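I have placed the structure first, in the form of structure tokens, so that the comments after it can refer back to it.
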Protein chains: 2
Amino acid sequence: MNFLELVNKRRSVRSYDLTRPVEPEKVERCIEAVRLAPSACNAQPWKLVVVNDPELKNKVAEAATTKWLGQNLFVKQAPLLVVLVRESPNITSKLGTVLKDKPYTIIDVGIATAHFCLQATEEGLGTCIIGWFNEPAVKKLLGIPKAKRAELIIAIGYPAKPDARKKIRKPVGEIRSFNKY
Amino acid sequence: MNFLELVNKRRSVRSYDLTRPVEPEKVERCIEAVRLAPSACNAQPWKLVVVNDPELKNKVAEAATTKWLGQNLFVKQAPLLVVLVRESPNITSKLGTVLKDKPYTIIDVGIATAHFCLQATEEGLGTCIIGWFNEPAVKKLLGIPKAKRAELIIAIGYPAKPDARKKIRKPVGEIRSFNKY
């Protein structure tokens with residue numbers, strides 16, 4: 001599978017095979033893909049908390065669900081959740097953030113997330129990146145220090161069914177130009 | 001090449017082959033990898049300005065160079081620069097940003113950047129992600145509206161030489177834990 005095929009195959013999976021656990025070595029390879037990711041000034045400002053304890057996983061899933069909106073109800077189905085914590089920048093990255101008004105560590109978290117989800121796709125796993133959740137509750141459940149940000153939760157599991165939806169995206173002419181915005 | 005091999009192969013390249021131009025179709029495939037990337041609420045909040053006009057490219061490169069610091073002097077060598085502009089979120093993404101204090105579009109820019117650089121690696125190209133540059137000057141050169149942010153410049157070209165450096169990264173035990181931060 002070449003990289004564009006991998007990119008095309010990656011989907012936001014919201015329905016998981018409840019009978020099929022995720023092999024730990026597959027998750028370790030996803031983490032390895034994050035570990036090798038680039039970051040501003042090589043700060044590597046990320047920590048991943050793998051939530052594989054079923055009871056705790058369900059509590060974290062509940063903190064990612066807004067029941068009255070029917071939002072993210074699928075998260076509880078996922079056999080595994082990974083919480084991506086944004087760490088402090090190193091001194092050079094911090095200097096850039098201050099002087100250039102560029103939150104490099106947030107960009108870095110995005111890069112790490114892409115690496116994780118693409119490796120998961122290569123492993124045959126489905127993922128869903130969740131950015132809307134009760135962050136204080138998740139931090140409390142996992143003992144994440146108050147000063148840190150739990151930026152994203154990644155739900156992981158085998159997809160319940162193949163997904164042949166066509167990706168809905170802007171045409172290239174809307175996102176690319178030459179020499180002028 | 002599997003995905004972990006690709007991740008391992010990707011380097012920040014700061015020395016380019018001056019005799020070898022970049023084929024336009026390779027850049028188009030890098031943009032396609034961005035186009036298919038995931039984003040919060042599928043907002044796709046990115047625009048890529050490909051700077052391939054040699055004179056303009058050199059001016060943008062100069063805006064990315066801090067001469068008295070000797071910083072980023074290599075950028076002028078790169079035959080091609082791509083400026084990644086962060087676009088406004090759609091309404092649902094914006095709502096999340098406000099209610100959850102999560103700058104989703106910045107995370108999305110990180111995801112897009114990873115997709116671009118990994119496809120470039122697959123094409124045999126080298127890249128360097130530049131976050132430190134004179135943003136007002138770059139915006140003026142490319143006609144980027146004042147309200148938008150030019151988040152990153154990606155330098156692209158064929159590497160001048162093979163790079164066998166080992167990646168310097170934190171050990172996995174420092175970036176991954178189970179069920180507890």
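Residue numbers start at 1 in each chain; chains themselves are named A, B, ... in the order of the structure tokens; ligands are numbered from 1 in the order shown.
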What are the residues of chain B that have an atom within 6 Å of an atom of chain A, counting only C-alpha atoms, as a VMD selection string?
-> chain B and resid 47 to 51 106 to 107 110 to 111 114 142 to 144 175 to 181
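Every protein or nucleic acid residue with an atom no more than 8 Å from Ala78 (chain B), counting only C-alpha atoms and leaving out same-chain residues fewer than 6 positions away, appears here: Ser15, Tyr16, Leu18, Ala155, Ile156 and Gly157 of chain B.
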N, CA and C atoms of the current selection, written as a short mmCIF file (atom, residue, chain, number, x, y, z; two decimals), in the first residue's frame:
```cif
data_model
loop_
_atom_site.label_atom_id
_atom_site.label_comp_id
_atom_site.auth_asym_id
_atom_site.auth_seq_id
_atom_site.Cartn_x
_atom_site.Cartn_y
_atom_site.Cartn_z
N SER B 15 19.78 20.76 3.13
CA SER B 15 20.78 20.90 2.08
C SER B 15 20.21 20.22 0.83
N TYR B 16 19.98 21.04 -0.21
CA TYR B 16 19.27 20.53 -1.38
C TYR B 16 20.17 20.45 -2.61
N LEU B 18 21.03 21.44 -5.93
CA LEU B 18 20.71 22.68 -6.65
C LEU B 18 20.46 22.45 -8.14
N ALA B 155 9.88 23.80 3.00
CA ALA B 155 10.90 23.82 1.96
C ALA B 155 10.94 22.43 1.33
N ILE B 156 11.05 22.37 0.01
CA ILE B 156 11.01 21.09 -0.70
C ILE B 156 12.09 21.03 -1.77
N GLY B 157 12.73 19.88 -1.87
CA GLY B 157 13.72 19.67 -2.92
C GLY B 157 14.36 18.31 -2.75
#
```
What does chain A look like after a least-squares fit onto chain B on every Cα paired in order, written as a PDB file with C-alpha atoms, in the first residue's frame?
```pdb
ATOM      1  CA  MET A   1       8.023   0.807   1.997  1.00  0.00           C
ATOM      2  CA  ASN A   2       5.661   0.353   4.931  1.00  0.00           C
ATOM      3  CA  PHE A   3       4.470   3.316   6.953  1.00  0.00           C
ATOM      4  CA  LEU A   4       6.993   2.999   9.790  1.00  0.00           C
ATOM      5  CA  GLU A   5       9.800   2.834   7.221  1.00  0.00           C
ATOM      6  CA  LEU A   6       8.403   5.993   5.617  1.00  0.00           C
ATOM      7  CA  VAL A   7       8.237   7.731   8.993  1.00  0.00           C
ATOM      8  CA  ASN A   8      11.798   6.696   9.673  1.00  0.00           C
ATOM      9  CA  LYS A   9      12.973   7.913   6.281  1.00  0.00           C
ATOM     10  CA  ARG A  10      11.440  11.387   6.668  1.00  0.00           C
ATOM     11  CA  ARG A  11      14.096  13.881   7.690  1.00  0.00           C
ATOM     12  CA  SER A  12      14.359  17.601   8.052  1.00  0.00           C
ATOM     13  CA  VAL A  13      16.480  18.292   4.980  1.00  0.00           C
ATOM     14  CA  ARG A  14      18.576  21.455   5.109  1.00  0.00           C
ATOM     15  CA  SER A  15      20.783  20.889   2.075  1.00  0.00           C
ATOM     16  CA  TYR A  16      19.266  20.529  -1.387  1.00  0.00           C
ATOM     17  CA  ASP A  17      20.513  19.380  -4.785  1.00  0.00           C
ATOM     18  CA  LEU A  18      20.719  22.679  -6.646  1.00  0.00           C
ATOM     19  CA  THR A  19      20.748  21.027 -10.057  1.00  0.00           C
ATOM     20  CA  ARG A  20      17.531  19.049  -9.663  1.00  0.00           C
ATOM     21  CA  PRO A  21      14.132  20.693  -9.966  1.00  0.00           C
ATOM     22  CA  VAL A  22      11.031  19.208  -8.360  1.00  0.00           C
ATOM     23  CA  GLU A  23       8.510  17.644 -10.734  1.00  0.00           C
ATOM     24  CA  PRO A  24       5.142  19.460 -10.472  1.00  0.00           C
ATOM     25  CA  GLU A  25       3.183  16.184 -10.393  1.00  0.00           C
ATOM     26  CA  LYS A  26       5.056  15.160  -7.246  1.00  0.00           C
ATOM     27  CA  VAL A  27       3.987  18.356  -5.530  1.00  0.00           C
ATOM     28  CA  GLU A  28       0.422  17.770  -6.682  1.00  0.00           C
ATOM     29  CA  ARG A  29       0.455  14.362  -4.999  1.00  0.00           C
ATOM     30  CA  CYS A  30       1.700  15.966  -1.768  1.00  0.00           C
ATOM     31  CA  ILE A  31      -1.230  18.381  -1.997  1.00  0.00           C
ATOM     32  CA  GLU A  32      -3.579  15.467  -2.649  1.00  0.00           C
ATOM     33  CA  ALA A  33      -2.345  13.852   0.572  1.00  0.00           C
ATOM     34  CA  VAL A  34      -3.275  17.084   2.382  1.00  0.00           C
ATOM     35  CA  ARG A  35      -6.614  17.303   0.611  1.00  0.00           C
ATOM     36  CA  LEU A  36      -7.604  13.872   1.931  1.00  0.00           C
ATOM     37  CA  ALA A  37      -6.438  14.560   5.493  1.00  0.00           C
ATOM     38  CA  PRO A  38      -8.896  14.526   8.379  1.00  0.00           C
ATOM     39  CA  SER A  39      -9.837  17.741  10.182  1.00  0.00           C
ATOM     40  CA  ALA A  40     -12.175  18.721  12.991  1.00  0.00           C
ATOM     41  CA  CYS A  41     -15.758  18.704  11.666  1.00  0.00           C
ATOM     42  CA  ASN A  42     -14.226  18.179   8.222  1.00  0.00           C
ATOM     43  CA  ALA A  43     -13.499  21.937   8.090  1.00  0.00           C
ATOM     44  CA  GLN A  44     -10.363  21.430   5.917  1.00  0.00           C
ATOM     45  CA  PRO A  45      -9.017  24.749   7.221  1.00  0.00           C
ATOM     46  CA  TRP A  46      -5.963  24.991   5.008  1.00  0.00           C
ATOM     47  CA  LYS A  47      -4.731  26.550   1.837  1.00  0.00           C
ATOM     48  CA  LEU A  48      -1.340  25.869   0.268  1.00  0.00           C
ATOM     49  CA  VAL A  49       0.459  28.477  -1.760  1.00  0.00           C
ATOM     50  CA  VAL A  50       3.079  26.810  -3.951  1.00  0.00           C
ATOM     51  CA  VAL A  51       5.907  29.274  -4.571  1.00  0.00           C
ATOM     52  CA  ASN A  52       7.743  28.144  -7.688  1.00  0.00           C
ATOM     53  CA  ASP A  53       8.537  31.495  -9.290  1.00  0.00           C
ATOM     54  CA  PRO A  54      12.321  31.676  -8.657  1.00  0.00           C
ATOM     55  CA  GLU A  55      12.460  35.378  -7.836  1.00  0.00           C
ATOM     56  CA  LEU A  56       9.436  35.286  -5.539  1.00  0.00           C
ATOM     57  CA  LYS A  57      10.692  32.060  -3.971  1.00  0.00           C
ATOM     58  CA  ASN A  58      13.962  33.785  -3.071  1.00  0.00           C
ATOM     59  CA  LYS A  59      12.097  36.691  -1.502  1.00  0.00           C
ATOM     60  CA  VAL A  60       9.998  34.329   0.620  1.00  0.00           C
ATOM     61  CA  ALA A  61      13.191  32.463   1.555  1.00  0.00           C
ATOM     62  CA  GLU A  62      14.747  35.737   2.669  1.00  0.00           C
ATOM     63  CA  ALA A  63      11.742  36.394   4.893  1.00  0.00           C
ATOM     64  CA  ALA A  64      12.430  33.010   6.502  1.00  0.00           C
ATOM     65  CA  THR A  65      16.088  33.770   7.141  1.00  0.00           C
ATOM     66  CA  THR A  66      17.519  35.608  10.108  1.00  0.00           C
ATOM     67  CA  LYS A  67      20.909  36.528   8.707  1.00  0.00           C
ATOM     68  CA  TRP A  68      22.556  37.874  11.864  1.00  0.00           C
ATOM     69  CA  LEU A  69      21.662  34.609  13.620  1.00  0.00           C
ATOM     70  CA  GLY A  70      22.715  32.529  10.613  1.00  0.00           C
ATOM     71  CA  GLN A  71      19.249  30.985  10.895  1.00  0.00           C
ATOM     72  CA  ASN A  72      17.529  29.138   8.048  1.00  0.00           C
ATOM     73  CA  LEU A  73      20.139  30.216   5.473  1.00  0.00           C
ATOM     74  CA  PHE A  74      19.465  26.937   3.653  1.00  0.00           C
ATOM     75  CA  VAL A  75      15.913  27.909   2.691  1.00  0.00           C
ATOM     76  CA  LYS A  76      17.079  29.851  -0.349  1.00  0.00           C
ATOM     77  CA  GLN A  77      18.632  26.648  -1.696  1.00  0.00           C
ATOM     78  CA  ALA A  78      15.291  24.852  -1.832  1.00  0.00           C
ATOM     79  CA  PRO A  79      13.862  24.929  -5.367  1.00  0.00           C
ATOM     80  CA  LEU A  80      10.320  25.161  -4.045  1.00  0.00           C
ATOM     81  CA  LEU A  81       8.501  26.538  -1.035  1.00  0.00           C
ATOM     82  CA  VAL A  82       4.943  25.853   0.033  1.00  0.00           C
ATOM     83  CA  VAL A  83       3.273  28.256   2.450  1.00  0.00           C
ATOM     84  CA  LEU A  84       0.557  26.701   4.592  1.00  0.00           C
ATOM     85  CA  VAL A  85      -2.210  29.158   5.399  1.00  0.00           C
ATOM     86  CA  ARG A  86      -4.647  28.407   8.196  1.00  0.00           C
ATOM     87  CA  GLU A  87      -8.206  29.129   7.152  1.00  0.00           C
ATOM     88  CA  SER A  88     -11.203  29.901   9.344  1.00  0.00           C
ATOM     89  CA  PRO A  89     -12.991  26.962  10.950  1.00  0.00           C
ATOM     90  CA  ASN A  90     -16.497  26.038   9.925  1.00  0.00           C
ATOM     91  CA  ILE A  91     -19.272  26.805  12.407  1.00  0.00           C
ATOM     92  CA  THR A  92     -19.159  23.494  14.307  1.00  0.00           C
ATOM     93  CA  SER A  93     -15.374  23.529  14.564  1.00  0.00           C
ATOM     94  CA  LYS A  94     -15.492  27.150  15.759  1.00  0.00           C
ATOM     95  CA  LEU A  95     -18.103  26.293  18.383  1.00  0.00           C
ATOM     96  CA  GLY A  96     -15.831  23.558  19.739  1.00  0.00           C
ATOM     97  CA  THR A  97     -12.862  25.908  19.798  1.00  0.00           C
ATOM     98  CA  VAL A  98     -14.798  28.457  21.825  1.00  0.00           C
ATOM     99  CA  LEU A  99     -16.599  26.082  24.194  1.00  0.00           C
ATOM    100  CA  LYS A 100     -13.701  23.706  24.743  1.00  0.00           C
ATOM    101  CA  ASP A 101     -10.809  26.157  24.417  1.00  0.00           C
ATOM    102  CA  LYS A 102      -9.318  23.916  21.737  1.00  0.00           C
ATOM    103  CA  PRO A 103      -7.781  25.522  18.655  1.00  0.00           C
ATOM    104  CA  TYR A 104      -8.849  22.742  16.329  1.00  0.00           C
ATOM    105  CA  THR A 105      -7.680  24.491  13.174  1.00  0.00           C
ATOM    106  CA  ILE A 106      -4.106  24.608  14.482  1.00  0.00           C
ATOM    107  CA  ILE A 107      -4.187  20.871  15.208  1.00  0.00           C
ATOM    108  CA  ASP A 108      -5.577  20.400  11.680  1.00  0.00           C
ATOM    109  CA  VAL A 109      -2.663  22.351  10.198  1.00  0.00           C
ATOM    110  CA  GLY A 110      -0.326  19.943  11.982  1.00  0.00           C
ATOM    111  CA  ILE A 111      -2.142  16.944  10.504  1.00  0.00           C
ATOM    112  CA  ALA A 112      -1.960  18.493   7.015  1.00  0.00           C
ATOM    113  CA  THR A 113       1.755  19.179   7.422  1.00  0.00           C
ATOM    114  CA  ALA A 114       2.442  15.568   8.365  1.00  0.00           C
ATOM    115  CA  HIS A 115       0.523  14.306   5.329  1.00  0.00           C
ATOM    116  CA  PHE A 116       2.425  16.661   3.013  1.00  0.00           C
ATOM    117  CA  CYS A 117       5.883  15.771   4.289  1.00  0.00           C
ATOM    118  CA  LEU A 118       5.253  12.028   4.327  1.00  0.00           C
ATOM    119  CA  GLN A 119       4.045  12.031   0.722  1.00  0.00           C
ATOM    120  CA  ALA A 120       7.108  14.105  -0.214  1.00  0.00           C
ATOM    121  CA  THR A 121       9.295  11.474   1.445  1.00  0.00           C
ATOM    122  CA  GLU A 122       7.544   8.767  -0.547  1.00  0.00           C
ATOM    123  CA  GLU A 123       8.371  10.758  -3.698  1.00  0.00           C
ATOM    124  CA  GLY A 124      12.065  10.789  -2.764  1.00  0.00           C
ATOM    125  CA  LEU A 125      11.906  14.472  -1.858  1.00  0.00           C
ATOM    126  CA  GLY A 126      13.310  16.161   1.203  1.00  0.00           C
ATOM    127  CA  THR A 127      11.372  18.709   3.244  1.00  0.00           C
ATOM    128  CA  CYS A 128      11.934  21.035   6.129  1.00  0.00           C
ATOM    129  CA  ILE A 129       9.068  22.490   8.157  1.00  0.00           C
ATOM    130  CA  ILE A 130       9.793  26.115   8.985  1.00  0.00           C
ATOM    131  CA  GLY A 131       7.774  27.833  11.682  1.00  0.00           C
ATOM    132  CA  TRP A 132      10.073  30.749  12.401  1.00  0.00           C
ATOM    133  CA  PHE A 133       9.848  33.450   9.728  1.00  0.00           C
ATOM    134  CA  ASN A 134       8.726  37.004   9.101  1.00  0.00           C
ATOM    135  CA  GLU A 135       5.038  36.268   8.689  1.00  0.00           C
ATOM    136  CA  PRO A 136       3.876  39.792   7.767  1.00  0.00           C
ATOM    137  CA  ALA A 137       6.514  39.920   5.005  1.00  0.00           C
ATOM    138  CA  VAL A 138       5.493  36.510   3.624  1.00  0.00           C
ATOM    139  CA  LYS A 139       1.821  37.463   3.687  1.00  0.00           C
ATOM    140  CA  LYS A 140       2.561  40.673   1.811  1.00  0.00           C
ATOM    141  CA  LEU A 141       4.652  38.870  -0.826  1.00  0.00           C
ATOM    142  CA  LEU A 142       1.892  36.345  -1.526  1.00  0.00           C
ATOM    143  CA  GLY A 143      -1.166  38.543  -1.066  1.00  0.00           C
ATOM    144  CA  ILE A 144      -2.415  36.582   1.936  1.00  0.00           C
ATOM    145  CA  PRO A 145      -5.230  38.517   3.665  1.00  0.00           C
ATOM    146  CA  LYS A 146      -4.268  40.188   6.928  1.00  0.00           C
ATOM    147  CA  ALA A 147      -6.837  38.224   8.920  1.00  0.00           C
ATOM    148  CA  LYS A 148      -5.335  34.869   7.896  1.00  0.00           C
ATOM    149  CA  ARG A 149      -2.334  33.174   9.427  1.00  0.00           C
ATOM    150  CA  ALA A 150       0.566  31.861   7.366  1.00  0.00           C
ATOM    151  CA  GLU A 151       1.432  29.129   9.870  1.00  0.00           C
ATOM    152  CA  LEU A 152       4.284  27.276   8.235  1.00  0.00           C
ATOM    153  CA  ILE A 153       6.596  27.226   5.258  1.00  0.00           C
ATOM    154  CA  ILE A 154       7.619  23.839   3.888  1.00  0.00           C
ATOM    155  CA  ALA A 155      10.901  23.816   1.954  1.00  0.00           C
ATOM    156  CA  ILE A 156      11.016  21.091  -0.713  1.00  0.00           C
ATOM    157  CA  GLY A 157      13.719  19.682  -2.919  1.00  0.00           C
ATOM    158  CA  TYR A 158      15.895  16.682  -3.565  1.00  0.00           C
ATOM    159  CA  PRO A 159      18.346  16.142  -0.723  1.00  0.00           C
ATOM    160  CA  ALA A 160      21.951  17.004  -1.628  1.00  0.00           C
ATOM    161  CA  LYS A 161      23.179  13.843   0.064  1.00  0.00           C
ATOM    162  CA  PRO A 162      21.809  10.758   1.795  1.00  0.00           C
ATOM    163  CA  ASP A 163      21.187  11.251   5.488  1.00  0.00           C
ATOM    164  CA  ALA A 164      22.066   8.371   7.773  1.00  0.00           C
ATOM    165  CA  ARG A 165      21.769  10.270  11.061  1.00  0.00           C
ATOM    166  CA  LYS A 166      19.919   8.367  13.742  1.00  0.00           C
ATOM    167  CA  LYS A 167      16.790  10.174  14.905  1.00  0.00           C
ATOM    168  CA  ILE A 168      17.234  11.618  18.386  1.00  0.00           C
ATOM    169  CA  ARG A 169      14.030  10.892  20.259  1.00  0.00           C
ATOM    170  CA  LYS A 170      12.790  10.279  23.779  1.00  0.00           C
ATOM    171  CA  PRO A 171      12.544   6.582  24.727  1.00  0.00           C
ATOM    172  CA  VAL A 172       9.053   5.137  24.482  1.00  0.00           C
ATOM    173  CA  GLY A 173       8.754   4.878  28.279  1.00  0.00           C
ATOM    174  CA  GLU A 174       8.886   8.667  28.479  1.00  0.00           C
ATOM    175  CA  ILE A 175       6.027   9.266  26.072  1.00  0.00           C
ATOM    176  CA  ARG A 176       3.648   6.374  26.756  1.00  0.00           C
ATOM    177  CA  SER A 177       1.920   5.131  29.890  1.00  0.00           C
ATOM    178  CA  PHE A 178      -1.048   2.882  30.646  1.00  0.00           C
ATOM    179  CA  ASN A 179      -4.266   3.970  32.348  1.00  0.00           C
ATOM    180  CA  LYS A 180      -2.482   6.697  34.331  1.00  0.00           C
ATOM    181  CA  TYR A 181      -0.472   9.737  33.260  1.00  0.00           C
TER     182      TYR A 181
END
```
Write out as a list of chain:residue names all residues of region 69-159 of chain A that backbone DSSP assigns to strand (DSSP E or B).
->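 For region 69-159 of chain A, the strand (DSSP E or B) set is A:Gln71, A:Leu80, A:Leu81, A:Val82, A:Val83, A:Leu84, A:Val85, A:Arg86, A:Gly126, A:Thr127, A:Cys128, A:Ile129, A:Ile130, A:Arg149, A:Ala150, A:Glu151, A:Leu152, A:Ile153, A:Ile154, A:Ala155, A:Ile156, A:Gly157, A:Pro159.
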